[in-house]
Each structure stands twice: as C-alpha cells, then as structure tokens.
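S.K.: Have a look at this one.
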Amino acid sequence: MNKSLSLLFSVLLSSSVLFSTSSALAANESDCTIVGTNKADTILGTEGRDVICAGAGSDTIYALGGDDVIRAGSGNDIISGGAGSDEVIGGSGNDNITGGNGADSLTGGQGVDKISGGSGEDILLGGAGNDNISGGNQIDIIDGGKGADNIRTGAGSDMCGKDSSDVHLDACNIDTNGPQVGALMTNGLEFSAGTTAVFNVKVFDESGTAGVYGSIGGPPGWVTEWCGFLITGVLTQGNEKSGVYQIICDIPSNAVNEKYTLFVKTSDLMGNSGVEISIDFQVGGGSSDNLTPTVTKIDIPYEVAGGDSFTMRVSATDESSVAGIYAWFALEGGWLSGDGGALYVPYSEPRFVSQTQTEAVVEQDVVFDAKAPAGKYRIWLSIRDGVGNRDFYATDRTVILNK
C-alpha cells in the first residue's frame, strides 16, 4: 500500500528516532511508510497500519497499533509488533521479536533469535540459527527452521514442524502432512485461444498453506511460453488453513488446439508437500498446427580434429514458422557431458541465416571442449515452431572427434 508520508529524523545519543508524518514518501521502497537508516535507529510506528523498512543496523522498533508489516533488515534488532495482526521479518542478526496482541506472523531469519508470539493465533518461524520460540495462549503454528531450537508452545493445541534437533519444552502436535488439494471443477474445462484461463483449487492444511503453484503440460511437453514454468496461485477466498486459490494463465491467440493438463503442487509452512493433482482442459479456436518442425538437411563434417572449430547448418520447415533450432552432441554410449558435468561441446548461440514464413536455415559454431574424449558423437536437436510445438530428439547424424 502506498501512503504519502515523510520521515523526521532526530539524533538521540548514538541512535536516531523515526516516526511518520503525512508528507512525501521516503526512500525508493514504494510500499514503505517508515524507512530506517543504516545506523542503530529507534523507530516508532503509528496507531494505524505501517510498513516499516528498518534497513541495516541494530534497531529498536515499536510498531504500536494497526496491522503492521515490519522488515527489520540486518542487525541485532528489538521488535515489538504491538496491537494488531502484524507481519515481522527479522532478517539476519540476533533479533528479539515480540508479537503482542493479534494473529501475528513472526519470522526470525538468520541468527540466534528470540521470538514471542503473545496472545493471538500466531505463526512463528525461527529460520536458520538456534532460536528460542514461545507461543502464547492460543493455537499457534511454530517451526524452528534450521538449527537446534528451544520451543515452548504455551497454552492451546499448537502445531510444530518435525525437527529432531529441536527441544520441545512442552507438548506440541507435530505436523508431517502436506496440504490437501481438490479442484472445484475438474471435468469439461474448455478455453478459447486468446482468453484467460482461470483454475480454482481448494486447499486445506492445519498449519497453513505456504504456496500453491501450477505448471501446464501438453503434447510437446511443458508449456512455458504462455505463463512461464511455475504459475503462482493467489488466495481469493478463505484463509491459508482453508481457502480457494486461483491459478490464472493468459492463453495466446495462436495456442495449438489440443488437450492440456494443469499440474498443481502445494507446500505448507512446515515445508511439507501435498499430493500433486492434475486438471485436464481443452483449448480451441487457436492454431491447427500440432506438429513440430521438419528438419530437411543437416550439414556437418564427417570427422574433426581436437581443437578444430566448424560451422553446422540445419534446414527445417514448418507451417507456423521455425522459431528455434539448437544442436547438442552426445558421446555414443554416453551422454552430453562427462563426469565433471561440463558439456562436451560448450554452448554456442545459433543464428538464422535465412528465414521465411515456413522455412529457416540456422547456423551454429561448434568446437569440442579440450577434455572431450575421442569418439563418435551423435547430434541431438532441440527444435520448436512459432506456436509452441517442440521436440528434443536424436538424429541419424554423427561426427567423429579425433585426437
């Protein structure tokens, strides 16, 4: 949220005291209403909602009232959320974080932190380091993170992450189950090319859902051209313990008319993964081209000597245009790289030397790595067209490396 605020700085001994007024926004953080310095600041919030960005230094922060967001940054900070449901991110350093009244989300980050939830149903995450965490009087979600943590849950039927290195000073229910997921609609989904696909999934988790992600697959494999590989789900109804998440993707107007699948993955605040579900859907009104480009010619020498460079040329056709061709070299009886992981042929950017609506010729400069062993290498091609059809396959062409 963008508030029009200014900061008044006053030096008090070796620290500075910061509080908000009602003028221009400070610093470059567009959502920060109060911004600290790199020194040891004392920062006072307001009785309303603040977004406090403290910066470096060992700061003392009093957020006061309102549902605040506090980003403490590096340093050994002392943070009091006060009244309201606050979100606190301690950052690096040995922080002392107190939530106060309200349903708070407190994260210590790196360092040996002390975290106290206070009253309210809190989420307390220690992060890296040997932390001391106290829950309070309500039902809290507690995960110490990496390190040997001391955890005291207090009253309430609390949930804790599974970590054998932690010391539980009182009872806590250990959460080892990932979120339960169900699609609100799984049959008969159809979308027209050039429109937005919206998928609704219901997610339940006792500790709270941390992430919902979708990936789309089709006949060519993973469909990354539309919305990337991972599409983040957005909570639209309910809450992290029981809510509806939307996964949204804009389908391009030239998408291939095919059956696709949305694969949904989830994780909770304890790091547990849910069972993956899949949602099939049909796309229509787009391209009828569901074939990958056809390679018509590969020009390559029969054999080369170690250290020699050469230019490989590949010609291909496709009714929707040839969008890309890349060649890989796999040692017969082996793969693209040796035990050390280095490719036998280092990456070389391909270039189009001619291209029409349906035909293309691509050149790629090739030189074998000095550690590539002598032998016969088979050419593999990564190839794709203008509407997303693609393939990765072994050709019948080889080249012999002599040393």
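Residues in the structure tokens are numbered from 1 in each chain, the chains being A, B, ... in the order shown, and ligands are numbered from 1 in the order shown.
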Might you pull out every residue within 12 Å of Gly81 in chain A, with only C-alpha atoms counted and same-chain residues fewer than 4 positions away left off, and present them as a PyMOL selection string?
M.R.: chain A and resi 43-47+49-52+60-72+85-90+96-106+115-119
S.K.: Skipping near chain neighbours, those fewer than 2 positions away, what residues fall within 12 Å of range 342-348 of chain A using only C-alpha atoms, listed as a PDB file with C-alpha atoms, in the first residue's frame?
M.R.:
```
ATOM      1  CA  GLY A 306      40.546 -31.878 -31.425  1.00  0.00           C
ATOM      2  CA  GLY A 307      40.615 -28.086 -31.151  1.00  0.00           C
ATOM      3  CA  ASP A 308      39.157 -27.540 -34.637  1.00  0.00           C
ATOM      4  CA  SER A 309      36.068 -25.344 -34.947  1.00  0.00           C
ATOM      5  CA  PHE A 310      33.411 -25.755 -37.613  1.00  0.00           C
ATOM      6  CA  THR A 311      30.012 -24.388 -38.557  1.00  0.00           C
ATOM      7  CA  MET A 312      26.979 -26.649 -38.505  1.00  0.00           C
ATOM      8  CA  ILE A 325      16.917 -24.920 -33.510  1.00  0.00           C
ATOM      9  CA  TYR A 326      19.796 -25.882 -31.246  1.00  0.00           C
ATOM     10  CA  ALA A 327      22.224 -28.777 -31.635  1.00  0.00           C
ATOM     11  CA  TRP A 328      23.687 -30.913 -28.851  1.00  0.00           C
ATOM     12  CA  PHE A 329      26.443 -33.542 -29.092  1.00  0.00           C
ATOM     13  CA  ALA A 330      26.233 -36.820 -27.153  1.00  0.00           C
ATOM     14  CA  LEU A 331      29.099 -39.317 -26.990  1.00  0.00           C
ATOM     15  CA  GLU A 332      27.907 -42.691 -28.282  1.00  0.00           C
ATOM     16  CA  GLY A 334      27.358 -41.842 -23.006  1.00  0.00           C
ATOM     17  CA  TRP A 335      25.610 -38.504 -22.842  1.00  0.00           C
ATOM     18  CA  LEU A 336      26.115 -34.756 -23.420  1.00  0.00           C
ATOM     19  CA  SER A 337      28.729 -34.333 -20.698  1.00  0.00           C
ATOM     20  CA  GLY A 338      31.310 -36.268 -18.730  1.00  0.00           C
ATOM     21  CA  ASP A 339      31.625 -36.989 -15.029  1.00  0.00           C
ATOM     22  CA  GLY A 340      32.553 -33.391 -14.236  1.00  0.00           C
ATOM     23  CA  PRO A 350      22.614 -20.291 -33.033  1.00  0.00           C
ATOM     24  CA  ARG A 351      21.790 -17.731 -35.712  1.00  0.00           C
ATOM     25  CA  GLU A 363      23.944 -21.983 -38.296  1.00  0.00           C
ATOM     26  CA  GLN A 364      25.798 -22.839 -35.111  1.00  0.00           C
ATOM     27  CA  ASP A 365      29.545 -22.590 -34.461  1.00  0.00           C
ATOM     28  CA  VAL A 366      30.934 -25.756 -32.871  1.00  0.00           C
ATOM     29  CA  VAL A 367      34.180 -26.545 -31.069  1.00  0.00           C
ATOM     30  CA  PHE A 368      34.693 -29.546 -28.814  1.00  0.00           C
ATOM     31  CA  ASP A 369      35.892 -28.980 -25.260  1.00  0.00           C
ATOM     32  CA  ALA A 370      39.556 -29.855 -24.715  1.00  0.00           C
ATOM     33  CA  LYS A 371      38.503 -32.581 -22.245  1.00  0.00           C
ATOM     34  CA  ALA A 372      36.028 -34.220 -24.612  1.00  0.00           C
ATOM     35  CA  PRO A 373      37.199 -37.794 -25.323  1.00  0.00           C
ATOM     36  CA  ALA A 374      37.816 -39.026 -28.850  1.00  0.00           C
ATOM     37  CA  GLY A 375      34.966 -40.993 -30.381  1.00  0.00           C
ATOM     38  CA  LYS A 376      31.692 -40.795 -32.266  1.00  0.00           C
ATOM     39  CA  TYR A 377      29.188 -38.118 -31.227  1.00  0.00           C
ATOM     40  CA  ARG A 378      25.504 -38.198 -32.160  1.00  0.00           C
ATOM     41  CA  ILE A 379      23.656 -34.955 -32.847  1.00  0.00           C
ATOM     42  CA  TRP A 380      20.563 -34.206 -30.790  1.00  0.00           C
ATOM     43  CA  LEU A 401      36.264 -36.496 -32.911  1.00  0.00           C
TER      44      LEU A 401
END
```
S.K.: Wanna dump the range 117-155 of chain A-range 196-209 of chain A contacts at 9 Å for me, each residue with its shortest atom pair and the distance in Å to one decimal, counting only C-alpha atoms, ordered by chain and number, as a Markdown table?
M.R.:
```
| residue | atom | partner | partner_atom | distance |
| --- | --- | --- | --- | --- |
| A:Ile123 | CA | A:Ser207 | CA | 8.6 |
| A:Asp140 | CA | A:Ser207 | CA | 8.6 |
| A:Ile141 | CA | A:Ser207 | CA | 5.9 |
| A:Ile142 | CA | A:Ser207 | CA | 8.6 |
```
S.K.: Would you save the residues of that selection, restricted to N, CA, C and O atoms, as an mmCIF file, in the first residue's frame?
M.R.:
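Result file follows (again.cif):
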```cif
data_model
loop_
_atom_site.group_PDB
_atom_site.id
_atom_site.type_symbol
_atom_site.label_atom_id
_atom_site.label_comp_id
_atom_site.auth_asym_id
_atom_site.auth_seq_id
_atom_site.Cartn_x
_atom_site.Cartn_y
_atom_site.Cartn_z
ATOM 1 N N ILE A 123 1.779 -17.317 13.826
ATOM 2 C CA ILE A 123 2.686 -18.142 13.045
ATOM 3 C C ILE A 123 4.100 -17.702 13.392
ATOM 4 O O ILE A 123 4.472 -16.537 13.172
ATOM 5 N N ASP A 140 -1.109 -21.845 18.047
ATOM 6 C CA ASP A 140 -0.029 -21.266 17.249
ATOM 7 C C ASP A 140 0.583 -22.299 16.304
ATOM 8 O O ASP A 140 0.538 -23.510 16.564
ATOM 9 N N ILE A 141 1.164 -21.795 15.231
ATOM 10 C CA ILE A 141 1.925 -22.602 14.281
ATOM 11 C C ILE A 141 3.391 -22.253 14.475
ATOM 12 O O ILE A 141 3.783 -21.086 14.321
ATOM 13 N N ILE A 142 4.222 -23.251 14.814
ATOM 14 C CA ILE A 142 5.613 -22.987 15.177
ATOM 15 C C ILE A 142 6.543 -23.894 14.374
ATOM 16 O O ILE A 142 6.365 -25.120 14.370
#
```
S.K.: Looking at only C-alpha atoms, which of A:Ala148, A:Ile34, A:Val234, A:Ala193 is the one that sits closest to His168 in chain A?
M.R.: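 Of all the options, A:Ala148 lies closest to His168 in chain A.
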S.K.: Restricting the calculation to only C-alpha atoms, which member of A:Thr398, A:Asn76, A:Ser278, A:Ser164 is positioned closest to Gly111 in chain A?
M.R.: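 Once distances to Gly111 in chain A are computed over only C-alpha atoms, the minimum belongs to A:Asn76.
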